[in-house]
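J.: Just passing along the structure, written as structure tokens.
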8 protein chains.
Amino acid sequence: MNEADLVHLLEQVKRGEVSVPEAVEQLRTLPFEDLGYAKIDTHRHLRTGFPEVIYCEGKAPEQVLEIVRRIVARHQIALATRAAPELFQAVAADFPDARYHREARAFVIGQPEAPPEGAPPVVVITGGTADIPVAEEAAVTAEAMGKRVERIFDVGVAGIHRLLFHQESLHSAGAIVVVAGMEGALASVVGGLARAPVIGVPTSVGYGASFGGLAALLTMLNSCAAGVAVVNIDNGFGAGYLAGLINLEKQAI
Amino acid sequence: MNEADLVHLLEQVKRGEVSVPEAVEQLRTLPFEDLGYAKIDTHRHLRTGFPEVIYCEGKAPEQVLEIVRRIVARHQIALATRAAPELFQAVAADFPDARYHREARAFVIGQPEAPPEGAPPVVVITGGTADIPVAEEAAVTAEAMGKRVERIFDVGVAGIHRLLFHQESLHSAGAIVVVAGMEGALASVVGGLARAPVIGVPTSVGYGASFGGLAALLTMLNSCAAGVAVVNIDNGFGAGYLAGLINLEKQAI
Amino acid sequence: MNEADLVHLLEQVKRGEVSVPEAVEQLRTLPFEDLGYAKIDTHRHLRTGFPEVIYCEGKAPEQVLEIVRRIVARHQIALATRAAPELFQAVAADFPDARYHREARAFVIGQPEAPPEGAPPVVVITGGTADIPVAEEAAVTAEAMGKRVERIFDVGVAGIHRLLFHQESLHSAGAIVVVAGMEGALASVVGGLARAPVIGVPTSVGYGASFGGLAALLTMLNSCAAGVAVVNIDNGFGAGYLAGLINLEKQAI
Amino acid sequence: MNEADLVHLLEQVKRGEVSVPEAVEQLRTLPFEDLGYAKIDTHRHLRTGFPEVIYCEGKAPEQVLEIVRRIVARHQIALATRAAPELFQAVAADFPDARYHREARAFVIGQPEAPPEGAPPVVVITGGTADIPVAEEAAVTAEAMGKRVERIFDVGVAGIHRLLFHQESLHSAGAIVVVAGMEGALASVVGGLARAPVIGVPTSVGYGASFGGLAALLTMLNSCAAGVAVVNIDNGFGAGYLAGLINLEKQAI
Amino acid sequence: MNEADLVHLLEQVKRGEVSVPEAVEQLRTLPFEDLGYAKIDTHRHLRTGFPEVIYCEGKAPEQVLEIVRRIVARHQIALATRAAPELFQAVAADFPDARYHREARAFVIGQPEAPPEGAPPVVVITGGTADIPVAEEAAVTAEAMGKRVERIFDVGVAGIHRLLFHQESLHSAGAIVVVAGMEGALASVVGGLARAPVIGVPTSVGYGASFGGLAALLTMLNSCAAGVAVVNIDNGFGAGYLAGLINLEKQAI
Amino acid sequence: MNEADLVHLLEQVKRGEVSVPEAVEQLRTLPFEDLGYAKIDTHRHLRTGFPEVIYCEGKAPEQVLEIVRRIVARHQIALATRAAPELFQAVAADFPDARYHREARAFVIGQPEAPPEGAPPVVVITGGTADIPVAEEAAVTAEAMGKRVERIFDVGVAGIHRLLFHQESLHSAGAIVVVAGMEGALASVVGGLARAPVIGVPTSVGYGASFGGLAALLTMLNSCAAGVAVVNIDNGFGAGYLAGLINLEKQAI
Amino acid sequence: MNEADLVHLLEQVKRGEVSVPEAVEQLRTLPFEDLGYAKIDTHRHLRTGFPEVIYCEGKAPEQVLEIVRRIVARHQIALATRAAPELFQAVAADFPDARYHREARAFVIGQPEAPPEGAPPVVVITGGTADIPVAEEAAVTAEAMGKRVERIFDVGVAGIHRLLFHQESLHSAGAIVVVAGMEGALASVVGGLARAPVIGVPTSVGYGASFGGLAALLTMLNSCAAGVAVVNIDNGFGAGYLAGLINLEKQAI
Amino acid sequence: MNEADLVHLLEQVKRGEVSVPEAVEQLRTLPFEDLGYAKIDTHRHLRTGFPEVIYCEGKAPEQVLEIVRRIVARHQIALATRAAPELFQAVAADFPDARYHREARAFVIGQPEAPPEGAPPVVVITGGTADIPVAEEAAVTAEAMGKRVERIFDVGVAGIHRLLFHQESLHSAGAIVVVAGMEGALASVVGGLARAPVIGVPTSVGYGASFGGLAALLTMLNSCAAGVAVVNIDNGFGAGYLAGLINLEKQAI
């Protein structure tokens with residue numbers, strides 16, 4: 001509710017077109033639904049451009065199901081992440097068109113808008129094979145936001161020519177997500193080659209002094225290439241979402 | 001050099017229009033200038049959309065001056081960061097139109113392109129007064145890339161109403177840079193309010209268990225709001241550059 | 001035993017009303033009961049205002065049972081935390097009025113004093129749904145101390161308007177417990193809004209660079225809002241107890 | 001502005017007693033003053049019971065002076081922390097009644113309310129001599145809030161009988177601040193002896209594996225005594241403020 | 001082989017009483033037995049006063065059995081630590097007089113020398129009930145070295161009077177082992193009360209910011225009481241062994 | 001493809017001996033095979049002297065089998081590490097000459113070249129028995145590269161004479177791999193005794209403040225002996241490979 | 001005051017030989033002197049066998065001088081550590097027989113008791129030359145306690161034969177202090193060679209990943225040799241004091 | 001002294017050609033010179049192939065001068081690292097042929113052996129300009145060992161084509177030293193391109209979350225390229241020395 005709305009509402013009150021109780025109601029209407037254990041942020045779509053996403057870890061199936069119902073009732077599309085296969089079964093019974101992405105451990109209900117003609121893709125890159133689940137979470141998220149996604153997997157810096165072969169893709173990208181564990185150096189190299197913003201996702205893939213992804217995280221944060229930002233370890237969703245936002249901006253103009 | 005160029009070059013070789021030595025030369029031309037102590041990446045503008053930026057810390061004035069000369073010779077604009085006032089004096093003698101931004105400790109030579117009509121601004125926000133130098137580095141960088149920048153300073157979460165007053169600005173932004181030390185919570189709050197991508201810059205402002213910015217860094221990485229990514233502690237340049245890239249994308253379409 | 005008691009005792013000795021061995025006994029009486037594997041601090045109620053609480057983790061059911069018996073024999077109320085359901089079964093057989101709080105994993109025997117008319121509540125707030133078990137441990141503890149508790153769950157900073165809707169509650173509170181994982185920014189925001197002391201409880205909810213609650217802990221310690229103190233990660237009991245103490249003070253006057 | 005105020009305002013609008021522009025003004029009035037480099041939170045006193053405190057580190061003397069002027073204009077008392085002696089000189093010229101506390105590095109302008117008859121003191125305890133400056137910051141803060149403060153210095157656990165001698169004081173306290181570096185064990189011992197809430201302030205006093213106060217911080221967070229909460233390393237102000245809030249509660253009833 | 005031995009041997013060579021090959025053999029005799037997967041340090045008893053102790057974790061039962069055989073063949077006593085009950089079964093079949101200490105997870109074969117009349121005891125103290133297994137490992141080790149051990153359990157600093165009641169024991173001790181988790185403050189308090197050397201054993205008992213014993217470790221290392229040294233987290237054996245060495249010294253004179 | 005090859009190819013194009021499309025093909029030929037989930041680096045043997053090694057952790061048996069097939073088709077030998085016994089079963093069905101090394105959890109297919117007459121061995125040393133699996137991974141890797149390996153196990157610094165007995169071996173080595181957990185001091189001692197390069201492998205063997213190998217890692221990195229470098233915790237393969245490379249150099253001249 | 005004293009005193013009260021006020025006085029006599037900024041623990045000598053030691057860092061010269069006066073008035077000897085040369089000047093004016101140990105940065109007033117005939121020495125060993133100041137602090141402390149000290153400097157493990165040459169000294173020691181920075185491996189090697197208790201002192205000597213002594217600290221804590229305990233980084237005093245205590249025990253019998 | 005020497009010596013003793021005292025002398029001759037504050041390891045050249053190197057930090061000029069004298073008296077060459085210019089002045093007065101390398105902060109006295117014809121070079125690479133001092137320390141060290149060194153500076157991964165241009169050099173190297181700060185990704189990329197062993201030297205160049213070189217250290221330790229080992233942060237000497245050893249091996253055959 002911006003100032004213009006406010007002026008309008010107050011003038012309606014003044015003219016008696018809106019009663020005082022109605023105005024009070026409007027001025028404090030809850031932009032969320034309260035389920036007791038959770039408060040669904042129904043206002044979020046207006047505020048940030050995409051409905052609230054369901055993070056399933058630690059939620060009971062019936063809780064997830066109820067939250068899904070509320071979101072589907074208001075929005076064209078719903079996205080749930082960190083969803084075990086069994087959890088998906090419980091939801092799929094009620095939502096037959098729900099689609100499960102096994103590697104991403106995510107499911108989507110409803111159809112995203114088609115990407116506009118000629119929109120540049122979100123490019124999702126991994127250093128190794130073991131980084132693919134996190135990368136898929138990013139890719140599925142961006143696709144749920146109506147983006148075209150191009151996947152380039154297993155092009156880590158130990159064989160840099162594998163990456164260089166895909167330079168064309170790097171240059172055409174609207175946003176790039178780089179998913180890498182171990183030393184995470186791939187984000188810097190991509191950042192030096194590409195024109196688009198690069199979002200690094202350190203993964204917990206590795207052992208010993210990788211300290212659960214800390215090594216890759218620090219590598220990416222200290223990237224000597226400009227144009228690289230980082231999200232939390234294994235946070236494929238966050239990276240895909242941000243890549244989607246960046247592209248959204250682009251398409252909006 | 002893409003495949004089409006390659007086909008073209010090889011056909012010229014075949015027809016004898018280009019000699020073999022000339023072709024060899026073209027196929028390996030150095031896309032950088034070698035100064036011995038530094039290799040200026042002249043190819044960078046083509047590759048990533050902005051000339052190489054000079055990070056002055058640890059470079060001698062004559063080294064900086066020489067690198068500036070090379071960049072100015074090829075590009076419309078040059079940007080130097082982490083530049084002490086004395087260093088700037090040395091450069092300003094040769095480049096009278098150089099402009100020094102004292103708080104940002106950066107200087108710019110040349111004129112950025114004007115931002116297109118109606119382009120959304122990059123909004124730069126700080127939690128406190130002490131975060132302003134890092135924020136200015138971000139702002140000056142984005143401005144050097146031809147962006148319009150809006151500054152909102154000292155709106156940390158201990159008085160959240162100060163931030164809420166600027167919601168309009170948050171919604172109009174094309175990209176947001178949030179600069180905050182201490183606990184760094186501001187990035188999460190902004191991420192929940194805004195539609196645009198948010199780039200968090202943790203700063204080393206704080207004491208005790210802030211551990212030189214580590215606390216703010218971890219806070220931002222663990223943000224419960226989607227759409228937030230993070231750059232290195234005190235890396236105002238990196239955030240401004242990334243915000244510029246995001247807006248660049250936007251303007252390009 | 002303060003100086004007045006000491007003077008009194010010594011005068012009794014002098015007058016022969018108390019024998020020397022009796023006086024020796026009084027001067028060294030054990031203020032604890034020794035069970036071998038544990039020494040129950042029976043003096044604690046006098047010293048700190050609440051009987052010793054039983055931390056069940058790592059104790060055998062028969063050990064817990066015996067300690068419960070000793071405490072119940074001397075006090076109106078007993079509280080046990082970190083109690084698995086099976087452990088509670090073992091105790092409930094002997095204490096049929098014991099009440100188990102499943103989410104808090106705690107049980108209470110006996111009835112707390114009713115809170116005085118008009119006493120301000122302890123308000124317990126969580127950032128997310130997954131923080132609820134820790135919050136319940138805090139709430140059950142404060143209730144066992146005879147406080148009225150108000151629960152506000154799932155109001156994390158990614159949707160700050162959900163919290164702002166409860167400002168009235170924040171202002172009425174006598175003490176506030178903020179339970180949050182991930183980035184833990186909620187404590188700072190509440191600290192900036194509320195008048196009452198705020199006790200932050202970082203939780204181990206999160207992943208990646210949350211490092212088992214370290215991120216939330218550092219966030220809360222570095223809070224830019226004054227009036228916030230912090231207890232150990234997941235230490236709902238400690239926060240609830242401290243909130244109870246603060247309110248106790250208040251009611252005492 | 002609560003719901004009752006809102007109803008009242010809207011009814012005035014309806015009755016024409018308040019014009020629409022006036023109402024808009026009231027509904028959005030800035031609860032802060034904007035100095036450009038800082039936004040003074042003038043609303044804070046209403047919200048949290050004490051005016052905004054000036055943290056001087058990193059602010060220029062003229063900035064501090066201006067902020068002091070604004071606060072003094074609206075409130076009975078002003079408190080500034082982390083103030084170097086030179087900074088104080090600059091302020092004292094304009095505010096001759098300003099009092100500087102050298103050890104605390106803080107200054108106060110104006111007179112706090114006298115503590116009510118019989119109000120329990122805030123007790124401030126240190127482990128060693130080197131912890132005194134942080135303790136004084138806590139003490140001066142609580143005194144500025146109108147509390148009576150009792151100081152007990154140099155009673156670390158290496159000579160536990162020195163602390164036991166002051167048990168009477170511990171029992172009479174309304175809130176206790178324990179300031180200790182090195183291993184920080186004093187907070188646990190005091191927590192086991194006292195009835196009042198204990199606020200631990202780890203200090204950076206120590207060497208080697210004290211890691212700038214980290215050891216004392218972890219000790220206090222892991223305290224086996226209930227009723228202990230912790231603020232940031234060297235944060236005397238935060239502890240004194242919280243102790244003041246706790247006592248405030250007490251006096252209010 | 002010291003210089004006197006060497007002179008003697010060389011003179012025997014010179015006089016022809018020892019052949020050159022025999023001398024070579026003596027000069028390089030292996031002071032260990034080589035089992036392939038392990039090299040038993042048979043020289044250790046001479047060098048350090050106690051036979052090699054068997055650390056069972058990660059060794060197969062038949063490996064442990066073989067090492068036990070070798071040690072028993074040469075020494076009066078054998079001690080094995082970190083021995084699971086099943087492992088002990090495998091050994092007990094061959095060594096019927098082996099004694100298993102369940103809480104310590106250790107077993108002993110053979111009889112230690114009786115402690116000399118009037119020798120001061122090794123005193124082993126714990127902060128809580130959960131620290132007892134580590135304390136028992138220390139106690140069993142010292143007993144295997146022929147020391148008298150006195151156990152004082154569950155006297156943590158949250159109820160400091162429980163410890164003060166045992167001051168007599170503290171003063172009579174020849175060496176003290178303090179075993180404590182959580183914040184580990186007990187070592188400092190004991191160090192301030194006792195005359196004997198104090199060996200602190202931090203344990204991994206605790207949660208949250210105890211970080212697996214790190215908090216207790218740092219506390220003990222930073223002890224403000226002199227006369228305290230620390231061994232590794234949960235290293236009851238190391239502490240008991242060192243306490244035994246200290247007492248050994250004492251008895252030897 | 002070096003410059004000479006390029007000149008040759010271009011001259012063939014000029015003379016019409018190679019068509020333009022053929023030349024394009026050659027200039028961009030993939031030096032890897034793309035399996036979708038993995039890109040096998042077939043170029044690696046030329047570039048670094050040994051075919052790509054298969055890291056099995058996190059790969060499905062059919063994925064490993066397919067990668068093995070591709071490598072065996074092009075190279076004389078294949079090496080797979082971190083291979084569970086069950087995984088090996090799946091491969092062994094198709095490759096009957098595959099040899100599994102149980103302790104190393106690695107398997108080899110094909111026959112390495114025999115080491116040249118008189119080539120110095122790679123010496124692999126462990127501090128304890130529990131370090132043997134990591135040491136065997138190093139040894140099997142070096143053997144797969146055609147090196148002779150000498151194993152010296154359980155010679156940790158607590159009984160330094162066990163190591164000194166093997167000085168002859170240390171002096172004859174071409175490269176030395178030191179595998180040690182706990183405090184990892186063995187690498188420094190060996191570095192001071194040996195002429196050959198020493199590669200330290202910290203292991204995660206230990207407990208308490210070994211922090212999963214961090215203590216041994218730091219020890220080795222800070223070695224006061226020159227000539228020591230370190231690989232990741234538990235990275236036996238990396239050490240064996242590097243030792244093989246060093247010896248390879250040696251044999252090449 | 002033990003039980004026998006207590007019985008005696010009470011009987012005196014009963015017989016009227018001691019008045020009640022006198023008895024009260026005796027029962028609460030302060031075992032410390034209160035200087036305001038410091039509480040001198042005059043009881044400490046009785047309790048722990050050596051007068052309180054003055055840690056000078058952070059104390060003003062006049063404070064140190066006053067504390068020295070009080071200690072000298074009651075004890076035969078006074079020891080002050082971390083004393084800058086200028087501080088010593090201030091003290092030396094009043095105490096002409098004070099002796100300053102420049103490398104140790106410590107001074108001693110008064111004469112320690114001569115060590116008993118044949119008492120084994122405290123042996124103090126360093127890894128390198130840069131560790132000598134910390135070692136001297138340990139040596140001077142032990143000497144102030146009346147011990148004979150033998151110094152063996154610069155025998156780090158990179159040249160292990162330098163240490164082995166001093167095996168005789170290691171075997172004759174009553175207690176050993178090992179002072180080492182960088183990787184700190186010396187403590188383990190000495191622990192494996194010596195019969196006496198070994199106290200490790202990690203130093204902050206080193207660079208890079210020594211992290212201010214953390215590497216050496218972890219090394220020593222994880223020592224694979226039994227009989228090694230550790231004090232804080234650079235804490236020469238603590239190690240010397242503990243070594244003195246251990247020897248004290250020895251001499252007492 | 002090996003077994004053959006021993007047999008020979010003993011036979012001389014037997015035949016009376018060597019007296020017993022002479023033999024004792026030979027069997028225990030000190031392989032080091034004792035200067036009190038330092039023990040020069042004169043045996044080191046035989047043991048490890050290069051004389052002891054003087055680490056100057058924390059040594060007085062006269063100490064360095066004396067150590068230099070002893071080394072020069074026995075060896076063809078002396079190398080001193082971490083030598084400030086003033087220190088060098090003090091040495092240069094006595095050794096006019098000493099050569100100071102300003103960037104490396106090292107000096108050399110004497111002439112290394114010329115590298116053998118056709119010996120492959122040690123290649124030293126840096127990521128940036130600020131890494132050059134560490135790289136020069138490595139280069140000067142290898143040169144002092146008689147190696148040919150090739151320098152490639154400022155080829156960090158943000159402009160990967162700058163490195164690719166030097167592939168020829170990478171392939172010709174006998175050993176490669178990669179010196180890089182910030183994120184340190186260069187070591188992985190080089191490891192994937194080169195055939196020779198790669199020694200990574202993380203530098204403390206960087207800011208924020210580089211944590212004094214920790215980020216680069218972890219990156220290099222977790223390198224996904226095989227054939228990479230790591231030395232301590234900023235340890236140019238260690239890397240150059242190891243590279244020299246590797247090449248030494250090569251030349252020896």
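Residue numbering restarts at 1 for every chain of the structure tokens, chains are lettered A, B, ... in their displayed order, and ligands are numbered from 1 as they appear.
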Could you please tell me, as a PyMOL selection string, which residues of chain H have an atom within 9 Å of chain B when using only C-alpha atoms?
T.: chain H and resi 128-130+132+152-155+159+161-162+165+207-210
J.: Name the residues in contact with Val122 of chain D at a cut-off of 12 Å, using only C-alpha atoms, excluding same-chain residues fewer than 2 positions from it; report them as a PyMOL selection string.
T.: chain D and resi 115+119-120+124-125+135+138-143+145-152+169-178+196-199+239-248+250
J.: Going by DSSP on the backbone, which bits of segment 75-235 of chain D are helix (DSSP H, G or I)? Write them as a PyMOL selection string, please.
T.: chain D and resi 85-92+129-144+157-164+167-172+186-193+208-221
J.: For the atom pair atom CA of Ala60 of chain D and atom CA of Glu103 of chain B, what is the interatomic distance in Å to one decimal place?
T.: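 About the pair atom CA of Ala60 of chain D and atom CA of Glu103 of chain B: they are 13.3 Å apart.
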J.: From a backbone DSSP assignment, name each residue in segment 120-214 of chain F labelled strand (DSSP E or B), as a list of chain:residue names.
T.: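 Selecting the strand (DSSP E or B) positions of segment 120-214 of chain F gives F:Val122, F:Val123, F:Val124, F:Ile125, F:Thr126, F:Val149, F:Glu150, F:Arg151, F:Ile152, F:Ala175, F:Ile176, F:Val177, F:Val178, F:Val179, F:Ala180, F:Val198, F:Ile199, F:Gly200, F:Val201, F:Pro202.
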J.: If you count only C-alpha atoms, which residues fall within 8 Å of Ala80 of chain E, apart from same-chain ones fewer than 3 positions away, as a list in words?
T.: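 Listed by chain and then number, they are Val53, Ile54, Tyr55, Cys56, Ala83, Ala106, Phe107 and Val108 of chain E.
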J.: Could you tell me how far atom CA of Leu79 of chain A sits from atom CA of Pro96 of chain A, in Å to one decimal place?
T.: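 Distance reported for this atom pair: 14.7 Å.
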J.: For atom CA of Val91 of chain G and atom CA of Glu137 of chain G, quote the distance in Å rounded to one decimal.
T.: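 Separating atom CA of Val91 of chain G from atom CA of Glu137 of chain G is a distance of 18.8 Å.
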